[in-house]
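Below is the file my_file-v5.cif, which contains mmCIF, C-alpha atoms.
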data_upload
loop_
_atom_site.label_atom_id
_atom_site.label_comp_id
_atom_site.auth_asym_id
_atom_site.auth_seq_id
_atom_site.Cartn_x
_atom_site.Cartn_y
_atom_site.Cartn_z
CA MET M 1 0.00 0.00 0.00
CA GLY M 2 1.22 3.53 0.55
CA GLU M 3 2.57 5.39 -2.43
CA GLU M 4 1.44 3.00 -5.08
CA SER M 5 -2.13 3.02 -3.84
CA GLU M 6 -2.21 6.81 -4.07
CA LYS M 7 -1.73 6.65 -7.81
CA ASN M 8 -4.86 4.56 -8.29
CA LYS M 9 -8.23 6.12 -8.88
CA TYR M 10 -11.43 4.12 -8.80
CA SER M 11 -14.42 5.12 -10.89
CA LEU M 12 -17.66 3.58 -9.65
CA ILE M 13 -20.22 3.35 -12.43
CA VAL M 14 -23.72 3.03 -11.03
CA PRO M 15 -26.69 2.76 -13.42
CA THR M 16 -29.90 3.91 -11.78
CA TYR M 17 -33.60 3.87 -12.52
CA ASN M 18 -36.05 4.96 -9.83
CA GLU M 19 -33.57 4.72 -6.99
CA ARG M 20 -34.49 7.94 -5.26
CA LEU M 21 -34.00 6.69 -1.74
CA ASN M 22 -31.38 4.03 -2.36
CA ILE M 23 -28.94 6.29 -4.16
CA ALA M 24 -28.57 8.60 -1.17
CA LEU M 25 -27.96 5.69 1.21
CA PHE M 26 -25.60 4.15 -1.31
CA VAL M 27 -23.47 7.28 -1.66
CA TYR M 28 -23.25 7.67 2.12
CA LEU M 29 -22.03 4.11 2.52
CA VAL M 30 -19.45 4.42 -0.26
CA PHE M 31 -17.95 7.49 1.36
CA LYS M 32 -18.02 5.74 4.73
CA HIS M 33 -16.07 2.71 3.51
CA LEU M 34 -13.64 4.31 1.07
CA ARG M 35 -12.16 6.96 3.32
CA ASP M 36 -8.56 6.98 2.13
CA ILE M 37 -9.19 6.01 -1.46
CA ASN M 38 -9.21 8.28 -4.49
CA PHE M 39 -12.53 7.61 -6.18
CA GLU M 40 -15.48 9.06 -8.02
CA ILE M 41 -19.06 7.88 -8.40
CA ILE M 42 -20.55 8.12 -11.88
CA ILE M 43 -24.33 7.91 -11.75
CA VAL M 44 -25.93 7.00 -15.06
CA ASP M 45 -29.61 7.68 -14.58
CA ASP M 46 -32.01 6.70 -17.34
CA GLY M 47 -34.49 9.51 -16.92
CA SER M 48 -36.04 8.30 -13.65
CA PRO M 49 -39.49 9.74 -13.13
CA ASP M 50 -39.24 9.58 -9.33
CA GLY M 51 -36.73 12.42 -8.99
CA THR M 52 -33.55 10.38 -8.55
CA GLN M 53 -31.56 13.07 -10.34
CA GLU M 54 -32.70 15.77 -7.91
CA ILE M 55 -31.46 13.68 -5.01
CA VAL M 56 -28.13 13.22 -6.78
CA GLN M 57 -27.84 16.98 -7.14
CA GLN M 58 -28.46 17.37 -3.41
CA LEU M 59 -25.75 14.78 -2.76
CA GLN M 60 -23.39 16.70 -5.02
CA LYS M 61 -23.80 19.72 -2.77
CA VAL M 62 -22.82 17.62 0.24
CA TYR M 63 -19.95 15.64 -1.24
CA GLY M 64 -18.73 17.69 -4.17
CA GLU M 65 -19.31 17.57 -7.90
CA ASP M 66 -15.83 16.21 -8.47
CA ARG M 67 -16.66 13.10 -6.45
CA ILE M 68 -20.23 12.55 -7.67
CA LEU M 69 -20.74 12.79 -11.40
CA LEU M 70 -24.29 12.80 -12.71
CA ARG M 71 -24.33 11.69 -16.32
CA PRO M 72 -27.97 11.01 -17.17
CA ARG M 73 -29.62 9.68 -20.29
CA ALA M 74 -33.02 10.46 -21.72
CA LYS M 75 -34.66 7.09 -21.17
CA LYS M 76 -34.05 3.44 -20.32
CA LEU M 77 -31.42 2.29 -22.78
CA GLY M 78 -30.04 -0.85 -21.19
CA LEU M 79 -27.26 -1.84 -18.85
CA GLY M 80 -24.46 -2.41 -21.35
CA THR M 81 -24.85 1.00 -22.94
CA ALA M 82 -25.07 2.53 -19.45
CA TYR M 83 -21.62 1.16 -18.67
CA ILE M 84 -20.24 2.40 -21.98
CA HIS M 85 -21.74 5.81 -21.30
CA GLY M 86 -20.23 5.85 -17.81
CA LEU M 87 -16.85 4.72 -19.11
CA LYS M 88 -16.61 7.80 -21.33
CA HIS M 89 -16.67 9.98 -18.22
CA ALA M 90 -14.47 7.80 -16.02
CA SER M 91 -11.15 9.34 -15.09
CA GLY M 92 -9.88 6.50 -12.92
CA ASN M 93 -7.61 3.66 -13.94
CA PHE M 94 -9.97 1.17 -12.30
CA VAL M 95 -13.69 0.86 -12.79
CA VAL M 96 -16.16 -0.72 -10.39
CA ILE M 97 -19.62 -1.64 -11.57
CA MET M 98 -22.30 -2.24 -8.99
CA ASP M 99 -26.00 -1.78 -8.25
CA ALA M 100 -27.40 1.22 -6.44
CA ASP M 101 -30.07 -0.62 -4.49
CA LEU M 102 -27.79 -1.76 -1.65
CA SER M 103 -27.91 -5.41 -2.71
CA HIS M 104 -24.22 -4.76 -3.42
CA HIS M 105 -23.00 -3.37 -0.15
CA PRO M 106 -20.22 -0.78 -0.44
CA LYS M 107 -18.50 -2.28 2.59
CA TYR M 108 -16.99 -4.90 0.28
CA LEU M 109 -15.23 -2.31 -1.88
CA PRO M 110 -12.03 -2.34 0.21
CA SER M 111 -11.80 -6.12 -0.14
CA PHE M 112 -12.08 -5.83 -3.92
CA ILE M 113 -9.31 -3.24 -3.96
CA LYS M 114 -7.06 -5.24 -1.66
CA LYS M 115 -7.55 -8.41 -3.70
CA GLN M 116 -6.65 -6.63 -6.89
CA MET M 117 -3.54 -5.10 -5.38
CA LYS M 118 -2.43 -8.39 -3.91
CA THR M 119 -2.88 -10.43 -7.09
CA GLY M 120 -2.55 -7.86 -9.85
CA ALA M 121 -5.73 -9.26 -11.34
CA SER M 122 -7.43 -7.61 -14.32
CA ILE M 123 -10.87 -8.35 -12.93
CA VAL M 124 -12.10 -8.97 -9.40
CA THR M 125 -15.63 -10.29 -9.24
CA GLY M 126 -17.89 -10.70 -6.25
CA THR M 127 -19.30 -14.16 -5.65
CA ARG M 128 -22.34 -15.02 -3.59
CA TYR M 129 -21.85 -18.75 -3.79
CA VAL M 130 -18.79 -19.38 -1.62
CA LYS M 131 -18.30 -19.57 2.11
CA GLY M 132 -18.13 -16.06 3.47
CA GLY M 133 -20.59 -14.94 0.84
CA GLY M 134 -24.28 -15.56 0.64
CA VAL M 135 -27.73 -14.25 -0.05
CA HIS M 136 -30.69 -13.18 2.03
CA GLY M 137 -34.30 -12.68 1.09
CA TRP M 138 -34.37 -15.26 -1.70
CA ASN M 139 -37.19 -17.77 -1.76
CA LEU M 140 -36.66 -21.37 -2.85
CA MET M 141 -37.69 -20.68 -6.45
CA ARG M 142 -35.15 -17.95 -6.84
CA LYS M 143 -32.39 -20.04 -5.29
CA LEU M 144 -33.32 -22.91 -7.58
CA THR M 145 -33.20 -20.86 -10.76
CA SER M 146 -29.98 -19.23 -9.67
CA ARG M 147 -28.30 -22.52 -8.86
CA GLY M 148 -29.68 -24.19 -12.00
CA ALA M 149 -28.48 -21.33 -14.17
CA ASN M 150 -25.07 -21.51 -12.59
CA VAL M 151 -24.69 -25.26 -13.07
CA LEU M 152 -25.73 -24.95 -16.72
CA ALA M 153 -23.27 -22.16 -17.29
CA GLN M 154 -20.46 -24.00 -15.50
CA THR M 155 -21.07 -27.16 -17.55
CA PHE M 156 -21.19 -25.51 -20.95
CA LEU M 157 -19.00 -22.45 -20.63
CA TRP M 158 -16.21 -23.41 -18.18
CA PRO M 159 -15.87 -19.81 -17.06
CA GLY M 160 -13.42 -20.27 -14.21
CA VAL M 161 -15.54 -18.28 -11.75
CA SER M 162 -18.18 -19.47 -9.33
CA ASP M 163 -20.71 -16.64 -9.81
CA LEU M 164 -21.37 -15.80 -13.43
CA THR M 165 -24.38 -13.55 -13.25
CA GLY M 166 -23.13 -11.32 -10.49
CA SER M 167 -22.67 -7.68 -11.39
CA PHE M 168 -20.48 -6.44 -8.56
CA ARG M 169 -17.07 -6.24 -10.21
CA LEU M 170 -13.83 -4.33 -10.29
CA TYR M 171 -12.12 -4.01 -13.67
CA LYS M 172 -8.93 -2.43 -14.87
CA LYS M 173 -10.28 0.33 -17.05
CA SER M 174 -8.39 -0.81 -20.15
CA VAL M 175 -9.67 -4.36 -19.70
CA LEU M 176 -13.28 -3.24 -19.38
CA GLU M 177 -12.97 -1.12 -22.51
CA ASP M 178 -11.53 -4.06 -24.38
CA ILE M 179 -14.22 -6.54 -23.37
CA ILE M 180 -17.25 -4.29 -23.51
CA SER M 181 -16.66 -3.47 -27.16
CA SER M 182 -17.08 -7.13 -28.08
CA CYS M 183 -20.20 -7.86 -26.00
CA VAL M 184 -23.63 -7.80 -27.57
CA SER M 185 -25.99 -9.41 -25.04
CA LYS M 186 -28.43 -7.71 -22.72
CA GLY M 187 -29.40 -8.09 -19.09
CA TYR M 188 -28.00 -10.95 -17.03
CA VAL M 189 -26.49 -12.57 -20.08
CA PHE M 190 -24.46 -9.44 -20.60
CA GLN M 191 -22.75 -9.94 -17.24
CA MET M 192 -22.06 -13.54 -18.16
CA GLU M 193 -20.75 -12.61 -21.57
CA MET M 194 -18.32 -10.13 -20.05
CA ILE M 195 -16.78 -12.62 -17.71
CA VAL M 196 -16.68 -15.44 -20.27
CA ARG M 197 -15.04 -13.24 -22.90
CA ALA M 198 -12.53 -12.03 -20.35
CA SER M 199 -11.77 -15.61 -19.43
CA ARG M 200 -11.27 -16.61 -23.06
CA LYS M 201 -8.96 -13.67 -23.67
CA GLY M 202 -6.80 -14.89 -20.82
CA TYR M 203 -7.34 -12.02 -18.39
CA ARG M 204 -6.67 -12.88 -14.76
CA ILE M 205 -9.88 -13.03 -12.78
CA GLU M 206 -10.06 -13.23 -8.99
CA GLU M 207 -13.07 -13.55 -6.70
CA VAL M 208 -14.06 -12.16 -3.33
CA PRO M 209 -17.04 -13.36 -1.29
CA ILE M 210 -19.90 -10.90 -1.04
CA THR M 211 -23.27 -11.00 0.62
CA PHE M 212 -26.33 -10.07 -1.36
CA VAL M 213 -29.35 -8.84 0.57
CA ASP M 214 -32.41 -8.60 -1.59
CA ARG M 215 -34.16 -5.32 -2.25
CA VAL M 216 -34.94 -3.42 0.84
CA PHE M 217 -36.53 -0.46 -0.88
CA GLY M 218 -37.87 -0.26 -4.38
CA SER M 219 -39.35 -2.87 -6.69
CA SER M 220 -37.54 -5.87 -8.07
CA LYS M 221 -36.84 -5.99 -11.79
CA LEU M 222 -36.64 -9.80 -12.07
CA GLY M 223 -39.18 -11.32 -14.48
CA GLY M 224 -40.18 -14.72 -15.86
CA SER M 225 -39.24 -14.13 -19.50
CA GLU M 226 -35.68 -13.64 -18.30
CA ILE M 227 -35.30 -17.40 -18.08
CA VAL M 228 -35.89 -17.73 -21.82
CA GLU M 229 -33.50 -14.87 -22.48
CA TYR M 230 -30.94 -16.58 -20.29
CA LEU M 231 -31.14 -19.87 -22.15
CA LYS M 232 -30.88 -18.11 -25.49
CA GLY M 233 -27.88 -16.20 -24.23
CA LEU M 234 -26.23 -19.34 -22.93
CA ALA M 235 -26.61 -20.99 -26.32
CA TYR M 236 -25.21 -17.91 -28.03
CA LEU M 237 -22.17 -17.86 -25.75
CA LEU M 238 -21.60 -21.58 -26.20
CA VAL M 239 -21.39 -21.10 -29.92
CA THR M 240 -19.47 -17.83 -30.11
CA THR M 241 -16.86 -18.10 -27.34
CA MET H 242 -9.00 -23.64 -26.93
CA GLN H 243 -5.71 -23.09 -25.08
CA VAL H 244 -7.47 -21.07 -22.43
CA ARG H 245 -10.12 -23.76 -22.03
CA SER H 246 -7.48 -26.42 -21.38
CA ARG H 247 -5.75 -24.11 -18.93
CA ILE H 248 -9.01 -23.71 -17.03
CA LEU H 249 -9.49 -27.48 -17.09
CA LEU H 250 -6.12 -27.98 -15.43
CA GLN H 251 -6.94 -25.57 -12.64
CA SER H 252 -8.18 -27.26 -9.49
CA ASN H 253 -11.93 -27.34 -10.06
CA GLU H 254 -13.79 -30.32 -8.68
CA THR H 255 -16.68 -29.99 -11.16
CA TYR H 256 -14.49 -30.95 -14.06
CA ASN H 257 -12.62 -33.67 -12.17
CA LYS H 258 -15.97 -35.30 -11.38
CA ASN H 259 -17.04 -35.11 -15.01
CA THR H 260 -13.81 -36.76 -16.01
CA VAL H 261 -14.39 -39.53 -13.45
CA ILE H 262 -17.86 -40.27 -14.81
CA ALA H 263 -16.60 -40.28 -18.39
CA GLY H 264 -13.74 -42.49 -17.31
CA CYS H 265 -16.09 -44.95 -15.63
CA ASN H 266 -18.21 -45.21 -18.76
CA LEU H 267 -15.13 -45.82 -20.87
CA CYS H 268 -13.92 -48.52 -18.46
CA LEU H 269 -17.32 -50.15 -18.64
CA LEU H 270 -17.13 -50.16 -22.40
CA GLY H 271 -13.62 -51.58 -22.28
CA TRP H 272 -14.70 -54.39 -19.98
CA ALA H 273 -17.78 -55.10 -22.07
CA SER H 274 -15.82 -55.25 -25.29
CA THR H 275 -13.41 -57.91 -24.07
CA ASP H 276 -15.76 -60.84 -23.63
CA VAL H 277 -18.93 -60.15 -25.61
CA ASN H 278 -19.78 -60.86 -29.21
CA CYS H 279 -20.01 -58.37 -32.09
CA SER H 280 -23.69 -57.51 -32.03
CA THR H 281 -23.64 -56.71 -28.31
CA LYS H 282 -20.59 -54.52 -28.87
CA LEU H 283 -22.40 -52.51 -31.54
CA PHE H 284 -25.44 -52.29 -29.28
CA LEU H 285 -23.33 -50.82 -26.49
CA VAL H 286 -21.51 -48.36 -28.73
CA GLY H 287 -24.85 -47.20 -30.08
CA LYS H 288 -26.23 -46.66 -26.57
CA LEU H 289 -23.08 -45.22 -25.02
CA PRO H 290 -23.60 -41.59 -26.09
CA ILE H 291 -27.08 -41.71 -24.55
CA TYR H 292 -25.70 -43.15 -21.34
CA LEU H 293 -23.14 -40.36 -21.20
CA ILE H 294 -25.74 -37.69 -21.77
CA VAL H 295 -28.06 -39.17 -19.14
CA SER H 296 -25.13 -39.40 -16.71
CA LEU H 297 -24.30 -35.78 -17.39
CA GLY H 298 -27.93 -34.84 -16.83
CA CYS H 299 -28.10 -36.74 -13.55
CA TYR H 300 -24.85 -35.22 -12.45
CA GLY H 301 -26.14 -31.76 -13.29
CA LEU H 302 -29.31 -32.33 -11.27
CA LEU H 303 -27.23 -33.64 -8.42
CA MET H 304 -25.07 -30.52 -8.48
CA VAL H 305 -28.16 -28.33 -8.47
CA GLY H 306 -29.55 -30.23 -5.49
CA VAL H 307 -26.30 -30.16 -3.56
CA GLY H 308 -25.82 -26.51 -4.35
CA LEU H 309 -29.33 -25.73 -3.24
CA MET H 310 -28.82 -27.46 0.09
CA ASN H 311 -25.54 -25.71 0.70
CA PHE H 312 -26.67 -22.32 -0.57
CA PRO H 313 -24.93 -19.86 1.71
CA THR H 314 -27.34 -17.49 3.40
CA CYS H 315 -26.68 -14.50 5.58
CA PRO H 316 -29.69 -13.41 7.64
CA GLN H 317 -27.48 -11.33 9.91
CA GLU H 318 -26.59 -9.15 6.95
CA ALA H 319 -30.15 -7.92 6.72
CA LEU H 320 -29.90 -6.60 10.28
CA LEU H 321 -26.58 -4.94 9.60
CA LEU H 322 -28.04 -3.35 6.50
CA GLN H 323 -30.93 -1.93 8.50
CA GLN H 324 -28.45 -0.38 10.93
CA ASP H 325 -26.49 1.09 8.04
CA ILE H 326 -29.64 2.55 6.56
CA THR H 327 -30.63 4.22 9.85
CA GLU H 328 -27.14 5.66 10.22
CA ALA H 329 -27.18 6.92 6.63
CA LYS H 330 -30.61 8.50 6.96
CA ASP H 331 -29.63 10.37 10.13
CA PHE H 332 -26.50 11.79 8.55
CA LEU H 333 -28.15 12.78 5.31
CA LYS H 334 -31.14 14.44 7.00
CA GLN H 335 -28.70 16.67 8.84
CA LYS H 336 -27.03 17.63 5.60
CA GLY H 337 -30.30 18.53 3.92
CA VAL H 338 -30.70 15.56 1.59
CA ASP H 339 -34.28 14.38 1.22
CA VAL H 340 -34.49 10.83 2.56
CA GLY H 341 -38.22 10.48 3.09
CA SER H 342 -39.41 6.95 2.24
CA ASP H 343 -41.24 6.46 -1.07
#
Go ahead and render the structure in this file as structure tokens.
Amino acid sequence: MGEESEKNKYSLIVPTYNERLNIALFVYLVFKHLRDINFEIIIVDDGSPDGTQEIVQQLQKVYGEDRILLRPRAKKLGLGTAYIHGLKHASGNFVVIMDADLSHHPKYLPSFIKKQMKTGASIVTGTRYVKGGGVHGWNLMRKLTSRGANVLAQTFLWPGVSDLTGSFRLYKKSVLEDIISSCVSKGYVFQMEMIVRASRKGYRIEEVPITFVDRVFGSSKLGGSEIVEYLKGLAYLLVTT
Amino acid sequence: MQVRSRILLQSNETYNKNTVIAGCNLCLLGWASTDVNCSTKLFLVGKLPIYLIVSLGCYGLLMVGVGLMNFPTCPQEALLLQQDITEAKDFLKQKGVDVGSD
């Protein structure tokens, strides 16, 4: 640590849609847990009707516009393009992608950073499926689909990570730019495609255990048709990677 | 393909188990082929791919079941999160950020 860590800057890209309450709590927790780290939070809001952007502006007054960047878009345009949009404004050499709804708790950020420094990995991904990690608030159906999806993906894609659909990750900025340009999927499959492509390209990927507490505030965006999308995506990845 | 073989060589029990099952099926075939006549041999070779696929399917279901039983959960995290939220709300209210519940 010490001098070398001072040269690193971490850009947190956080896509939001109707996260009026969560985003404020999120920002507070990030600042609480990243006290001695040089970072910025890039909030990519897709035109939330609930006033998320106003809250972000209030947060900017508290924490500074150089630490909280609001880079909104006109409407919901998808997760992948949200990351690309955020990347354009990222000034750090590392990028963290995570959710704003507190299912990804900012308290794990230091462990991501430490793991990356220790191993020199290109990607550090959070996993819910190992000891030390876990979930809360999932019913049996959700656990079943999650575990089934994971076994399928492990069998056919050999990704080298235990949690494929997780979206709490730390990337070297150059690595993220490289991979994201070659990804075409949407939704959960997009997260899978990123990690599988990275694995195929030979980038070093490390994991840290994280806990995932299901939505406390706000509505869940998980739907039934996503299963079909997932299977289609899996087949696509099997053939193209 | 190089990367795939590198991943295979990494210690990952999923793939070792798959190899064991495939190995067992091959051994079975080897044993069967030593002291049976031609038509039975052909019969076995014809059925072998199906056996392998069914084994893979059973193995997959087993992994799902085992994974489901051992799914790590963290109920204490929900409590900690609630504490964090209270702390965050108090701080932000002081600073003039609107944290009324929606």
Hey, could you make a per-residue contact list for chain M against chain H with 9 Å as the cut-off, showing the nearest pair of atoms and its distance in Å to one decimal, counting all atoms listed in the file, sorted by chain and number, as JSON lines?
{"residue": "M:Arg20", "atom": "CA", "partner": "H:Asp343", "partner_atom": "CA", "distance": 8.1}
{"residue": "M:Leu21", "atom": "CA", "partner": "H:Val340", "partner_atom": "CA", "distance": 6.0}
{"residue": "M:Asn22", "atom": "CA", "partner": "H:Val340", "partner_atom": "CA", "distance": 9.0}
{"residue": "M:Ala24", "atom": "CA", "partner": "H:Val340", "partner_atom": "CA", "distance": 7.3}
{"residue": "M:Leu25", "atom": "CA", "partner": "H:Ala329", "partner_atom": "CA", "distance": 5.6}
{"residue": "M:Phe26", "atom": "CA", "partner": "H:Ala329", "partner_atom": "CA", "distance": 8.6}
{"residue": "M:Tyr28", "atom": "CA", "partner": "H:Ala329", "partner_atom": "CA", "distance": 6.0}
{"residue": "M:Leu29", "atom": "CA", "partner": "H:Ala329", "partner_atom": "CA", "distance": 7.2}
{"residue": "M:Ile55", "atom": "CA", "partner": "H:Asp339", "partner_atom": "CA", "distance": 6.9}
{"residue": "M:Gln58", "atom": "CA", "partner": "H:Val338", "partner_atom": "CA", "distance": 5.8}
{"residue": "M:Leu59", "atom": "CA", "partner": "H:Val338", "partner_atom": "CA", "distance": 6.6}
{"residue": "M:Val62", "atom": "CA", "partner": "H:Lys336", "partner_atom": "CA", "distance": 6.8}
{"residue": "M:Leu102", "atom": "CA", "partner": "H:Leu322", "partner_atom": "CA", "distance": 8.3}
{"residue": "M:His105", "atom": "CA", "partner": "H:Leu322", "partner_atom": "CA", "distance": 8.3}
{"residue": "M:Arg128", "atom": "CA", "partner": "H:Pro313", "partner_atom": "CA", "distance": 7.6}
{"residue": "M:Tyr129", "atom": "CA", "partner": "H:Pro313", "partner_atom": "CA", "distance": 6.4}
{"residue": "M:Val130", "atom": "CA", "partner": "H:Pro313", "partner_atom": "CA", "distance": 7.0}
{"residue": "M:Lys131", "atom": "CA", "partner": "H:Pro313", "partner_atom": "CA", "distance": 6.6}
{"residue": "M:Gly132", "atom": "CA", "partner": "H:Pro313", "partner_atom": "CA", "distance": 8.0}
{"residue": "M:Gly133", "atom": "CA", "partner": "H:Pro313", "partner_atom": "CA", "distance": 6.6}
{"residue": "M:Gly134", "atom": "CA", "partner": "H:Pro313", "partner_atom": "CA", "distance": 4.5}
{"residue": "M:Val135", "atom": "CA", "partner": "H:Thr314", "partner_atom": "CA", "distance": 4.7}
{"residue": "M:His136", "atom": "CA", "partner": "H:Cys315", "partner_atom": "CA", "distance": 5.5}
{"residue": "M:Gly137", "atom": "CA", "partner": "H:Pro316", "partner_atom": "CA", "distance": 8.0}
{"residue": "M:Trp138", "atom": "CA", "partner": "H:Thr314", "partner_atom": "CA", "distance": 9.0}
{"residue": "M:Leu140", "atom": "CA", "partner": "H:Leu309", "partner_atom": "CA", "distance": 8.5}
{"residue": "M:Lys143", "atom": "CA", "partner": "H:Leu309", "partner_atom": "CA", "distance": 6.8}
{"residue": "M:Leu144", "atom": "CA", "partner": "H:Leu309", "partner_atom": "CA", "distance": 6.5}
{"residue": "M:Arg147", "atom": "CA", "partner": "H:Val305", "partner_atom": "CA", "distance": 5.8}
{"residue": "M:Gly148", "atom": "CA", "partner": "H:Val305", "partner_atom": "CA", "distance": 5.6}
{"residue": "M:Asn150", "atom": "CA", "partner": "H:Val305", "partner_atom": "CA", "distance": 8.5}
{"residue": "M:Val151", "atom": "CA", "partner": "H:Val305", "partner_atom": "CA", "distance": 6.5}
{"residue": "M:Leu152", "atom": "CA", "partner": "H:Gly301", "partner_atom": "CA", "distance": 7.6}
{"residue": "M:Gln154", "atom": "CA", "partner": "H:Thr255", "partner_atom": "CA", "distance": 8.3}
{"residue": "M:Thr155", "atom": "CA", "partner": "H:Gly301", "partner_atom": "CA", "distance": 8.1}
{"residue": "M:Trp158", "atom": "CA", "partner": "H:Arg245", "partner_atom": "CA", "distance": 7.2}
{"residue": "M:Pro159", "atom": "CA", "partner": "H:Ile248", "partner_atom": "CA", "distance": 7.9}
{"residue": "M:Gly160", "atom": "CA", "partner": "H:Ile248", "partner_atom": "CA", "distance": 6.3}
{"residue": "M:Ser199", "atom": "CA", "partner": "H:Val244", "partner_atom": "CA", "distance": 7.6}
{"residue": "M:Arg200", "atom": "CA", "partner": "H:Val244", "partner_atom": "CA", "distance": 5.9}
{"residue": "M:Lys201", "atom": "CA", "partner": "H:Val244", "partner_atom": "CA", "distance": 7.6}
{"residue": "M:Gly202", "atom": "CA", "partner": "H:Val244", "partner_atom": "CA", "distance": 6.4}
{"residue": "M:Thr211", "atom": "CA", "partner": "H:Cys315", "partner_atom": "CA", "distance": 7.0}
{"residue": "M:Phe212", "atom": "CA", "partner": "H:Cys315", "partner_atom": "CA", "distance": 8.2}
{"residue": "M:Val213", "atom": "CA", "partner": "H:Ala319", "partner_atom": "CA", "distance": 6.3}
{"residue": "M:Asp214", "atom": "CA", "partner": "H:Ala319", "partner_atom": "CA", "distance": 8.6}
{"residue": "M:Val216", "atom": "CA", "partner": "H:Gln323", "partner_atom": "CA", "distance": 8.8}
{"residue": "M:Phe217", "atom": "CA", "partner": "H:Asp343", "partner_atom": "CA", "distance": 8.4}
{"residue": "M:Gly218", "atom": "CA", "partner": "H:Asp343", "partner_atom": "CA", "distance": 8.2}
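Computed from the coordinates, the CA of Asp163 in chain M to CA of Thr127 in chain M distance equals 5.0 Å.
For the pair CA of Leu69 in chain M and CA of Arg197 in chain M, the separation is 29.0 Å.
One finds CA of Ala235 in chain M at 22.7 Å from CA of Tyr203 in chain M.
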- Determine, counting only C-alpha atoms, which protein, DNA and RNA residues have an atom within 12 Å of an atom of Met192 in chain M; residues of the same chain fewer than 5 positions away are not included. Present the result as JSON, numbers by chain. {"M": [80, 125, 149, 150, 153, 154, 157, 158, 159, 160, 161, 162, 163, 164, 165, 166, 167, 169, 179, 180, 183, 184, 185, 186, 187, 197, 198, 199, 230, 231, 233, 234, 235, 236, 237, 238, 241]}
- Task: Convert the output of the PyMOL selection byres ((chain M and resi 111) around 12) on the shown file into explicit residues, formatted as a PyMOL selection string.
- Result: chain M and resi 33-34+105-110+112-118+124-126+169-170+206-210
- Message: Within 12 Å of (-26.6, 6.9, -10.5) in the file's own coordinates, which protein, DNA or RNA residues have an atom, counting all atoms listed in the file? List them as a VMD selection string.
- Response: chain M and resid 12 to 27 40 to 48 51 to 57 59 to 60 68 to 73 82 to 83 85 to 86 97 to 101
- Message: Can you pull out the residues contacting Ser296 in chain H? Cut-off 12 Å, using all atoms listed in the file, and skip same-chain residues under 3 positions away; I want them as a PyMOL selection string.
- Response: chain H and resi 258-266+289-293+299-303
Edge lengths and centre in Å to one decimal, as JSON, of the axis-aligned box that encloses all listed atoms of range 308-322 of chain H with 5 Å added on every side?
{"center_x": -27.5, "center_y": -15.4, "center_z": 3.0, "size_x": 15.2, "size_y": 34.1, "size_z": 24.6}
- Message: Using the chain letters and numbers from this file, what does the PyMOL selection byres ((chain M and resi 37) around 9) select? Give the answer as a ChimeraX atom specification.
- Response: /M:5-6,8-10,34-36,38-39,110
